[in-house]
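J.: My questions will all concern the structure given below.
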Amino acid sequence: MDGRDLVRSVRMIKTVGPAQGLRSVRAAWRARRADALALPRRGAERARVPGPATGAEPQPGGGVIHFARSSLRVRVASGGAVFCGWDGAAPEPSYALAGPCPEVDARAVLEPDTEGGWRVVSERVLVVVSRHGAVEVRTPGGAVLRRELPPRWWEEADASGTDGTDTAAGRSGGGGAARWVQRAEVAADARFFGLGGRAHGPRLRDGVYRLWNTDPGGAFAPGDDPLSLTMPVQLVVADAGTHLVFHDNSWDGRVTLREGVEGAGSGHDRPGACELRMDGGPLRYWVLAGTPARVLQGWTALTGAPALPPLWALGPQHARWGFAGQDEVREVAAGYAERGLPLSAVHLDIDHYDRHRVFTVDPERYPDLPGLARELRAQGVRLVSVVDPGVRAEPGDAVYEGGAAADAFVRDARGREVRGEVWPGESVYPDFTDARVRKWWGGLYAERLAQGFAGFWHDMNEPVSFAAFGERTLPRSARHALEGRGGDHREAHNVYGLAMARAGFDGLSELRPDERPFLFSRSGWAGLQRYGGSWSGEVATDWPGLRASLSLVLGLGLCGVPYSGPDTGGFSGQPSPELYLRWFQLGAFLPLFRTHSAWGAAGRREPWEFGAEVLEHARTALCERARLLPYFGTLGQLARLTGAPYVRPLWWNAPRDRALRDCEDAFLLGDALLVAPALAAGVTRRPVRLPRGRWYDTATGRAYEGPGQVWVEAPLSRIPVLARAGAVVPVAGADGGTELEVWAPPAGRGGSGLVVPDAGDGWQRPDVERFVSRWEGDRVVVERRDGEAVGYPVRVRGLTGG
């Protein structure tokens, strides 16, 4: 151990206690020894590049281009997505794709290029491959969106023949361990977004970003990277266009980003640059181009429609690690009701388990959990349970015994169960990359449903094993099924949380086929949206943590995970009344609105714990969230239908507006509302960058004209929320039904909006209702585009907005 490991060991012992801390030291030594024995040591390596092109063979949707020491498959799908795979890599198998590989664009043609290379011509995109293996993705008009330079591999010195022929072809496609690097160039004005949940951002500055799902080991701050949910997904926005690139490889890697400079050096632009280094696995990627909305819709078509949370899960939720028992849970729910505060769910953390063992209940503190669940359900409040993957390795434990009988747990290279240290003590880990194990695990949720739980949050699923030094996860040499292909934790680590989410979602769908499962996960990978959402994990309780909360939600939405939110109020520490309130006000406009705090955090997170003034302003935020519930329900349905996130960057509809591309302290909620949270202490007035058009302050009715920057009031009682002129927004009326809130369009212009009614938690196919607003003489009228009667009460606002 070096000095940093020693400090970490001491901190670990202080956090989890002497006994478990010492076991974490043993677990760390055990993991290090397992990897030293089982992982091959790298010997002499030889670098390989594709070499010159030698020929090509057309195929439907594109073709295969052969080089002296490699080959490249280029295929354009019917929706315009471009697949590129080196060394025989194919789109499948893949944990990211929702189903069979999309059909090819039969009109795409492979033809020789004038520079000695090749190109694939299609209606939506043009792919140009140089004679040395550089790949350019261009718009149909010829503008270059991305230029991938020829890749480089490092493999065992004897991996290629002495004549230089490509005897290694196909190795990457089969999940080989050759390291590789690929560099790319983008426009000088381009901005980078995505890479999963990042505390930086949402715009990703120059730096190195690791692709390895990591438990930060406590409260994280904006400088901490990586976090629990990384994805090799970049969204790049430039004047020439927007594109998404996804490298379908779950191995450990690093992305180095460098923004470009316009007019650098003698008036020439320096392009933006991206370098991706992977420790192994296939070199294959997808590129989707178009408007941001079209790109996310294509990404959804490729990786799956987002799971639709039940309508109650869009309401306010309360969690805490450290409830004393069911009486305190009852008291907290009663506290919300007595003060007239809306509440849709209470979450129980690991302290409700019997000795922290998953799928159990502490019989002393929760003697009648089903009864508590029924009592709360009668008040409109659901119970949500944490679920951790670690299973205590103890004879007599029902889950352990059942898993051992089913051969469900991850094993090492010698065939022994891999054991780590988590909250229950010495634990084993289900291998969720095995369909049999997913089926077994999914059936265990029957116990949770019988206890009365209506929803689930997956925690500690990076996966975590407490380690006093080294990595806080399983040994890289641990063996996994990987859907029958076989492999080790180097490939399985990043998809572990995704596969666990699949197991839970599929199990719940089978156990309760008439209800939409409610599930969100701390860790995951590309495609997580198919099974649920995510949350920030243990964000630090300070103003930078508040800002990081917004970055995470925006970044995940741009990677295809629309439902997410932070630990409102921060996970550890004690927020000041002002910080708590500003976090609460932000949370009220995010998809997952949940307070949460650590067992050892000072103070509590109930709104009344921060004084009468904070309570009153928190009530205002809660009531506004309840009023907007029909709008949130519509946004959830639209996310499932189109992939568009609830929370969107200001440039969503205007990606060529460079000022909006650099704005990170405000966001769009759907297309209708612009939310400008207070993200620093003492803010009572703040600047807001407006997209083009007229915007109304929803509190004062004052109108502002965009594009440009305006100053708006941000008193402690509220954060600024502006409505787009002409917007038709479904809200809850005074009678509990839905009404249409219409913001007056500018003179001579109209507006529009969508309503997608949600029956609650079933699978009914939604009807999308489209409305338009316009002036008719001296009044604003609203009509359905299909000519049917409007069907909702209408309230017009903004008529005196100046």
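Following the order of the structure tokens, chains are lettered A, B, ..., residues in each are numbered from 1, and ligands are numbered from 1.
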I'd like the contact shell of A:Arg795 - 8 Å cut-off, only C-alpha atoms, skipping same-chain residues fewer than 5 positions apart - returned as a VMD selection string.

T.: chain A and resid 739 to 742

J.: Using DSSP on the backbone, list every residue of stretch 430-585 of chain A that comes out as alpha helix (DSSP H), and give them as a ChimeraX atom specification.

T.: /A:435-450,489-492,496-511,543-558,577-585

J.: Restricting the output to C-alpha atoms, write the selected residues as a PDB file, in the first residue's frame.

T.:
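As written to disk, result21.pdb reads:
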ATOM      1  CA  ALA A 435     -30.118 -14.993 -18.442  1.00  0.00           C
ATOM      2  CA  ARG A 436     -30.731 -17.804 -15.927  1.00  0.00           C
ATOM      3  CA  VAL A 437     -29.530 -15.617 -13.077  1.00  0.00           C
ATOM      4  CA  ARG A 438     -31.624 -12.661 -14.202  1.00  0.00           C
ATOM      5  CA  LYS A 439     -34.678 -14.908 -14.182  1.00  0.00           C
ATOM      6  CA  TRP A 440     -33.899 -16.164 -10.674  1.00  0.00           C
ATOM      7  CA  TRP A 441     -33.215 -12.672  -9.331  1.00  0.00           C
ATOM      8  CA  GLY A 442     -36.319 -11.192 -10.931  1.00  0.00           C
ATOM      9  CA  GLY A 443     -38.455 -13.727  -9.114  1.00  0.00           C
ATOM     10  CA  LEU A 444     -37.102 -12.528  -5.747  1.00  0.00           C
ATOM     11  CA  TYR A 445     -39.006  -9.254  -6.141  1.00  0.00           C
ATOM     12  CA  ALA A 446     -42.134 -11.195  -5.233  1.00  0.00           C
ATOM     13  CA  GLU A 447     -41.010 -10.844  -1.610  1.00  0.00           C
ATOM     14  CA  ARG A 448     -40.769  -7.057  -2.002  1.00  0.00           C
ATOM     15  CA  LEU A 449     -44.210  -6.854  -3.592  1.00  0.00           C
ATOM     16  CA  ALA A 450     -45.667  -8.967  -0.788  1.00  0.00           C
ATOM     17  CA  HIS A 489     -15.020  -8.447 -15.155  1.00  0.00           C
ATOM     18  CA  ARG A 490     -12.991  -6.211 -17.437  1.00  0.00           C
ATOM     19  CA  GLU A 491     -15.805  -6.524 -19.961  1.00  0.00           C
ATOM     20  CA  ALA A 492     -18.723  -7.098 -17.575  1.00  0.00           C
ATOM     21  CA  TYR A 496     -23.357  -4.979 -14.443  1.00  0.00           C
ATOM     22  CA  GLY A 497     -25.842  -2.335 -13.262  1.00  0.00           C
ATOM     23  CA  LEU A 498     -27.588  -2.364 -16.651  1.00  0.00           C
ATOM     24  CA  ALA A 499     -28.046  -6.131 -16.504  1.00  0.00           C
ATOM     25  CA  MET A 500     -29.288  -5.918 -12.908  1.00  0.00           C
ATOM     26  CA  ALA A 501     -31.864  -3.318 -13.995  1.00  0.00           C
ATOM     27  CA  ARG A 502     -32.998  -5.685 -16.735  1.00  0.00           C
ATOM     28  CA  ALA A 503     -33.398  -8.498 -14.210  1.00  0.00           C
ATOM     29  CA  GLY A 504     -35.536  -6.319 -11.940  1.00  0.00           C
ATOM     30  CA  PHE A 505     -37.630  -4.836 -14.736  1.00  0.00           C
ATOM     31  CA  ASP A 506     -38.333  -8.187 -16.384  1.00  0.00           C
ATOM     32  CA  GLY A 507     -39.136  -9.825 -13.046  1.00  0.00           C
ATOM     33  CA  LEU A 508     -41.536  -7.073 -12.017  1.00  0.00           C
ATOM     34  CA  SER A 509     -43.203  -7.088 -15.438  1.00  0.00           C
ATOM     35  CA  GLU A 510     -43.850 -10.802 -15.041  1.00  0.00           C
ATOM     36  CA  LEU A 511     -44.994 -10.569 -11.422  1.00  0.00           C
ATOM     37  CA  TRP A 543     -23.505  24.857  -3.571  1.00  0.00           C
ATOM     38  CA  PRO A 544     -21.177  23.107  -6.056  1.00  0.00           C
ATOM     39  CA  GLY A 545     -23.128  19.918  -5.340  1.00  0.00           C
ATOM     40  CA  LEU A 546     -26.340  21.733  -6.242  1.00  0.00           C
ATOM     41  CA  ARG A 547     -24.850  22.802  -9.564  1.00  0.00           C
ATOM     42  CA  ALA A 548     -23.554  19.270 -10.171  1.00  0.00           C
ATOM     43  CA  SER A 549     -27.108  17.969  -9.691  1.00  0.00           C
ATOM     44  CA  LEU A 550     -28.295  19.902 -12.709  1.00  0.00           C
ATOM     45  CA  SER A 551     -25.267  18.838 -14.770  1.00  0.00           C
ATOM     46  CA  LEU A 552     -25.968  15.166 -14.110  1.00  0.00           C
ATOM     47  CA  VAL A 553     -29.624  15.346 -15.104  1.00  0.00           C
ATOM     48  CA  LEU A 554     -28.913  17.287 -18.299  1.00  0.00           C
ATOM     49  CA  GLY A 555     -26.017  15.017 -19.266  1.00  0.00           C
ATOM     50  CA  LEU A 556     -27.955  11.794 -18.704  1.00  0.00           C
ATOM     51  CA  GLY A 557     -30.901  13.125 -20.711  1.00  0.00           C
ATOM     52  CA  LEU A 558     -28.593  13.762 -23.668  1.00  0.00           C
ATOM     53  CA  PRO A 577     -31.880  26.729   5.036  1.00  0.00           C
ATOM     54  CA  GLU A 578     -31.134  28.728   1.879  1.00  0.00           C
ATOM     55  CA  LEU A 579     -29.219  25.895   0.205  1.00  0.00           C
ATOM     56  CA  TYR A 580     -31.920  23.382   1.077  1.00  0.00           C
ATOM     57  CA  LEU A 581     -34.659  25.628  -0.291  1.00  0.00           C
ATOM     58  CA  ARG A 582     -32.854  26.399  -3.547  1.00  0.00           C
ATOM     59  CA  TRP A 583     -32.187  22.673  -4.034  1.00  0.00           C
ATOM     60  CA  PHE A 584     -35.812  21.912  -3.277  1.00  0.00           C
ATOM     61  CA  GLN A 585     -36.972  24.525  -5.795  1.00  0.00           C
TER      62      GLN A 585
END

J.: What lies within 8 Å of A:Thr642 using only C-alpha atoms, ignoring chain neighbours under 5 positions off, as a PyMOL selection string?

T.: chain A and resi 293+296-297+300+305

J.: As an NGL selection string, please: the residues near stretch 324-336 of chain A (cut-off 9 Å, only C-alpha atoms, same-chain neighbours under 6 positions excluded).

T.: :A and (318 or 342-343 or 345-346 or 348 or 351-352 or 362 or 364-369 or 372 or 375-376 or 379 or 381 or 606-608)

J.: If you count only C-alpha atoms, which residues fall within 10 Å of A:Val464, apart from same-chain ones fewer than 6 positions away, as a list in words?

T.: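 Answer for this query is Asn213, Thr214, Asp215, Gly217, Asp388, Pro389, Gly390, Gly420, Glu421, Val422, Trp423, Tyr429, Glu471, Arg472, Thr473 and Leu474 of chain A.
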
J.: Would you write out those residues with all heavy atoms, as a compact mmCIF listing (two decimals), in the first residue's frame?

T.:
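Contents of the output file result_2.txt:
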# COMPACT_ATOMS: atom_id res chain seq x y z
N ASN A 213 -17.50 2.63 -14.38
CA ASN A 213 -18.48 2.97 -13.36
C ASN A 213 -17.85 2.83 -11.97
O ASN A 213 -17.35 1.76 -11.62
CB ASN A 213 -19.70 2.08 -13.47
CG ASN A 213 -20.49 2.34 -14.75
OD1 ASN A 213 -20.30 3.35 -15.41
ND2 ASN A 213 -21.38 1.42 -15.10
N THR A 214 -17.91 3.91 -11.19
CA THR A 214 -17.14 3.97 -9.95
C THR A 214 -17.97 4.57 -8.82
O THR A 214 -18.53 5.66 -8.97
CB THR A 214 -15.87 4.82 -10.15
OG1 THR A 214 -15.09 4.26 -11.21
CG2 THR A 214 -15.04 4.87 -8.87
N ASP A 215 -18.04 3.86 -7.72
CA ASP A 215 -18.62 4.41 -6.50
C ASP A 215 -17.62 5.42 -5.94
O ASP A 215 -16.49 5.06 -5.60
CB ASP A 215 -18.86 3.29 -5.49
CG ASP A 215 -19.24 3.80 -4.11
OD1 ASP A 215 -19.74 4.94 -4.02
OD2 ASP A 215 -19.03 3.06 -3.12
N GLY A 217 -17.35 6.62 -3.19
CA GLY A 217 -16.96 6.33 -1.82
C GLY A 217 -17.37 7.40 -0.83
O GLY A 217 -16.64 7.69 0.13
N ASP A 388 -29.94 -3.89 -3.18
CA ASP A 388 -28.51 -3.99 -3.46
C ASP A 388 -28.20 -5.37 -4.04
O ASP A 388 -28.86 -6.35 -3.70
CB ASP A 388 -27.70 -3.80 -2.17
CG ASP A 388 -27.71 -2.36 -1.67
OD1 ASP A 388 -28.26 -1.50 -2.38
OD2 ASP A 388 -27.16 -2.11 -0.58
N PRO A 389 -27.16 -5.48 -4.86
CA PRO A 389 -26.86 -6.79 -5.46
C PRO A 389 -26.09 -7.72 -4.52
O PRO A 389 -26.14 -8.94 -4.70
CB PRO A 389 -26.00 -6.43 -6.68
CG PRO A 389 -25.35 -5.14 -6.30
CD PRO A 389 -26.36 -4.40 -5.46
N GLY A 390 -25.34 -7.19 -3.56
CA GLY A 390 -24.53 -8.02 -2.69
C GLY A 390 -25.39 -8.90 -1.79
O GLY A 390 -26.28 -8.42 -1.10
N GLY A 420 -16.83 -10.38 -1.74
CA GLY A 420 -16.45 -9.02 -1.45
C GLY A 420 -17.03 -8.59 -0.12
O GLY A 420 -17.70 -9.37 0.56
N GLU A 421 -16.80 -7.33 0.20
CA GLU A 421 -17.28 -6.79 1.47
C GLU A 421 -18.23 -5.64 1.19
O GLU A 421 -17.85 -4.65 0.55
CB GLU A 421 -16.10 -6.32 2.32
CG GLU A 421 -16.47 -5.88 3.72
CD GLU A 421 -16.93 -7.04 4.60
OE1 GLU A 421 -16.54 -8.20 4.34
OE2 GLU A 421 -17.67 -6.76 5.57
N VAL A 422 -19.49 -5.79 1.62
CA VAL A 422 -20.47 -4.70 1.49
C VAL A 422 -21.21 -4.60 2.82
O VAL A 422 -20.80 -5.19 3.82
CB VAL A 422 -21.45 -4.92 0.32
CG1 VAL A 422 -21.51 -3.67 -0.55
CG2 VAL A 422 -21.04 -6.06 -0.59
N TRP A 423 -22.31 -3.87 2.83
CA TRP A 423 -23.01 -3.59 4.08
C TRP A 423 -23.42 -4.85 4.85
O TRP A 423 -23.32 -4.88 6.08
CB TRP A 423 -24.23 -2.70 3.82
CG TRP A 423 -23.87 -1.35 3.29
CD1 TRP A 423 -24.18 -0.83 2.08
CD2 TRP A 423 -23.09 -0.35 3.95
NE1 TRP A 423 -23.65 0.43 1.92
CE2 TRP A 423 -22.98 0.74 3.08
CE3 TRP A 423 -22.47 -0.27 5.20
CZ2 TRP A 423 -22.28 1.92 3.40
CZ3 TRP A 423 -21.77 0.89 5.53
CH2 TRP A 423 -21.69 1.96 4.65
N TYR A 429 -21.98 -12.07 -5.35
CA TYR A 429 -22.61 -11.19 -6.32
C TYR A 429 -23.27 -12.00 -7.44
O TYR A 429 -22.59 -12.79 -8.11
CB TYR A 429 -21.57 -10.24 -6.92
CG TYR A 429 -20.93 -9.35 -5.90
CD1 TYR A 429 -19.90 -9.82 -5.08
CD2 TYR A 429 -21.36 -8.04 -5.72
CE1 TYR A 429 -19.31 -9.02 -4.12
CE2 TYR A 429 -20.76 -7.21 -4.77
CZ TYR A 429 -19.75 -7.71 -3.96
OH TYR A 429 -19.17 -6.91 -3.02
N GLU A 471 -9.25 -0.93 -6.26
CA GLU A 471 -10.57 -0.57 -6.75
C GLU A 471 -11.67 -1.10 -5.85
O GLU A 471 -11.57 -2.23 -5.35
CB GLU A 471 -10.77 -1.10 -8.18
CG GLU A 471 -9.86 -0.45 -9.18
CD GLU A 471 -10.16 -0.91 -10.60
OE1 GLU A 471 -10.50 -2.09 -10.79
OE2 GLU A 471 -10.02 -0.09 -11.50
N ARG A 472 -12.72 -0.30 -5.66
CA ARG A 472 -13.86 -0.70 -4.82
C ARG A 472 -14.86 -1.50 -5.67
O ARG A 472 -16.01 -1.12 -5.82
CB ARG A 472 -14.54 0.53 -4.24
CG ARG A 472 -13.71 1.28 -3.22
CD ARG A 472 -14.29 2.67 -2.95
NE ARG A 472 -15.69 2.65 -2.59
CZ ARG A 472 -16.14 2.63 -1.33
NH1 ARG A 472 -15.29 2.60 -0.32
NH2 ARG A 472 -17.44 2.65 -1.08
N THR A 473 -14.41 -2.60 -6.21
CA THR A 473 -15.30 -3.43 -7.04
C THR A 473 -14.74 -4.85 -7.07
O THR A 473 -13.81 -5.18 -6.34
CB THR A 473 -15.45 -2.83 -8.46
OG1 THR A 473 -16.48 -3.52 -9.15
CG2 THR A 473 -14.16 -2.90 -9.25
N LEU A 474 -15.30 -5.68 -7.94
CA LEU A 474 -14.86 -7.06 -8.04
C LEU A 474 -13.50 -7.14 -8.73
O LEU A 474 -13.13 -6.24 -9.50
CB LEU A 474 -15.88 -7.88 -8.82
CG LEU A 474 -17.33 -7.88 -8.31
CD1 LEU A 474 -18.15 -8.89 -9.09
CD2 LEU A 474 -17.40 -8.14 -6.83

J.: Which of these residues is nearest to A:Val731, using only C-alpha atoms: A:Val539, A:Val755, A:Ala301, A:Ala27?

T.: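 Answer, going by the shortest atom-to-atom distance: A:Val755.
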
J.: Would you work out the distance separating atom CA of A:Arg147 from atom CA of A:Val135, expressed in Å to one decimal?

T.: 5.6 Å

J.: Please provide the set of residues having any atom within 9 Å of A:Thr634, restricted to only C-alpha atoms, with same-chain residues fewer than 6 positions apart removed, written as number ranges by chain.

T.: A: 730, 754-758, 768

J.: If you count only C-alpha atoms, which residues fall within 7 Å of A:Ala106, apart from same-chain ones fewer than 2 positions away, as a list in words?

T.: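 Once the adjacent positions are removed, what remains is Pro60, Gly61, Val104 and Ala108 of chain A.
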
J.: Here is a test: counting only C-alpha atoms, which residue of A:Gly315, A:Gly787, A:Pro649, A:Gly682 is nearest to A:Ala588?

T.: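 Comparing A:Gly315, A:Gly787, A:Pro649, A:Gly682 against A:Ala588, the winner is A:Gly315.
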